[in-house]
Amino acid sequence: MSAAPEVAPVELADGRIRVVIEHVTPLVDGGRFPIKRVLGDSIEVQADCFGDGHDVVACSLLWRHARSAGWQSAPMQPLGNDRWSAAFVIDALGTWQYTVRAWVDPFLSWRHDFQRRLEAEDLRVAARTGALLIEEAAQRAELGGDAALLRAWAQDLAGAASAGAAPDELRRIGLDEARAAIARRQPDLRHSLTFGITAKVTVERRRAQFSSWYEFFPRSAAGDGVRHGTFADCEAWLPYVQRMGFDVLYFPPIHPIGRVQRKGRNNTRDPGPADHGSPWAIGAEEGGHDALLPQLGTLEEFRRLVRRADEHGIEIAMDIAFQCAPDHPWVREHPEWFRRRVDGSIQYAENPPKKYEDIYPFDFESNDWPNLWRALAGIFEFWIAQGVSMFRVDNPHTKAFGFWEWVIAQVREKHPEVIFLSEAFTRPKVMHRLAKVGFSQSYTYFTWRNTKQELTDYFTELTRGPGREYFRPNAWPNTPDILPAALQWGGRAVFMSRVALAATLAANYGIYGPAFELLEARALRAGGEEYQDSEKYELRAWNRDDPASLAAYIGVLNRARRDNAALQSDAGLRFIDIDNDQMIAYAKSTPDRSNIVVCVVNLDPHHLQSGWLTLDLAALGLEANQAYQMHDLLTGSHFLWQGARNYVSLDPQRSPAHVMQLRSRLRRESDFDYFL
């Protein structure tokens, strides 16, 4: 008969720990990735905490900056059904950590039972038990006031029990709320449980949450389409960008442009000697990613532009495109960083049927990948040293996720103020993964969401779905690569409605200008989304003084964003029912409802549309029959509304959108004059 197999001994957990912690929120992928917040935010953490039997459970929220040795803590408050909540405020950039601790609390359990006891002798025995627990709390207290107060309380309670005090007197002493609060500050944590995951928060400056981007090609800054623009010419555009209310001026790549396989106008393969090529074909004999296109100016002139922009309240954002032109120095110096075709030549970029012969992508499976990673990280460091702290990253979804997680962490360790925008028009899960690994903001599918249902579903997903903890949408109605079909055929009204939607649905948005405000709508070919005479391949002449320009309208929109905190966050978005599918309505509010903005947009660019919208008055803090004022921030018009159901009419030939600030009380009697 064979011997029974040996059974490995089971390692027992501490059986005296009787609490359970479950369903801690917020957590991203079980704590694998951090949530995102900005400086000054309050973070509410909730958890299910419970134990066996009838003893009282207590729990606390623990948090700290990642560079701090000790933890701060706050007691969590019950929400019902064993759900608990507490919050903390973040007051420094960088990475923060938080977790939850819970325990069966002997003192609170004793106090819970003590107030329910009826018999005098039972109360006296329980009082002596309580006195021992209070004395233990005094021993845990630091020397000073708390210890002395607790010892005095323990003596009072024990003395009253020994003297045979009446039940009412025992209860008065034992249930003293002020002294119980002191005891709660000294819990018995010997059998406490700390949640097994230390969650993280990436804390960024406020511009990560709220920003208005204006994309502009510096080489067209001269304005005539003939002379190559310079950084000095860009300085002359700063007041114009400032008047429109943009706080981020984003430049496509400003590095030397490759000459080998250079593309001509409209992406042709036969450039002429005067063709300038695509800025995204980076690198030539003048240098690579840490060099400037000589025609734009010197490094000192670039630094001067950064300083001058700051004086106008504008931040310069740079494009980071990790790819090389065939004559980039790295192609010669590090051929191992690129893939080879079967004929031995370096593989150029392609997305069949599209071919980009002027661009060589990096091989992130290169055997020399550590040196490639370090070199790419050095590009960020170089431009940060020149005063840049915002980067729009080109096609990050074509590079390794692991690289982005590493390089963004590396940069933020020394420069927590840096903001990264992901230009990833790709599959949803890929976009979300890039946000999880560290990108501050992300391009979205807004560019192709046009109908009421599409917009409602998409922005409900962005603001109410799980991605709200880490994915910050940045809405763009156009880019140099994308002239959407709606802008090609809809005319001025569509340009107005699309920028109004972008600026009010999303706290972060941007436009590619001056093409947008000057209503550029010429497509290269029918059914395509490429611009005719694309600025990607040539200099363009832009008339900033064109009377048809939307610059003033955009300026009013951005002023509304600047003046209304409700429009500076994505969290307060709620869609409003309106009985016309050609119209969309929604509200944004601050958490305390001190600022509420109601937006209505006519999605039909050709016809007047009207409808009745139904407000959730309780959500807006309004009484059922209360009269309130709606002040249109775009036109200056005022409307007196009452109750939940109100009528709206919008003529797209005048203004296709209302952006209305809700004023629940008329501020002066003369306000009624607005409605006469």
# chains A, B, ... in the order shown; residues from 1 in each chain; ligands from 1
>>> residues_around(residues="A:Phe403", least_positions_apart="4", cutoff="10 Å", atoms="only C-alpha atoms", output="JSON, numbers by chain")
{"A": [364, 369, 370, 372, 373, 374, 376, 377, 396, 399, 407, 408, 409, 437]}
>>> select_by_dssp(residues="stretch 424-649 of chain A", states="alpha helix (DSSP H)", output="MDAnalysis selection string")
chainID A and resid 428:437 452:464 485:489 491:505 551:563
>>> residues_around(residues="A:Asp146", least_positions_apart="3", cutoff="10 Å", atoms="only C-alpha atoms", output="list in words")
Ala137, Ala138, Gln139, Arg140, Ala141, Glu142, Leu143, Leu149, Leu150, Arg151, Ala152, Arg179, Ile182, Ala183, Arg185 and Gln186 of chain A
>>> residues_around(residues="A:Phe362", least_positions_apart="2", cutoff="8 Å", atoms="only C-alpha atoms", output="ChimeraX atom specification")
/A:322-324,337-339,360,364
>>> residues_around(residues="A:Leu39", least_positions_apart="4", cutoff="8 Å", atoms="only C-alpha atoms", output="VMD selection string")
chain A and resid 90 to 93 203 to 206
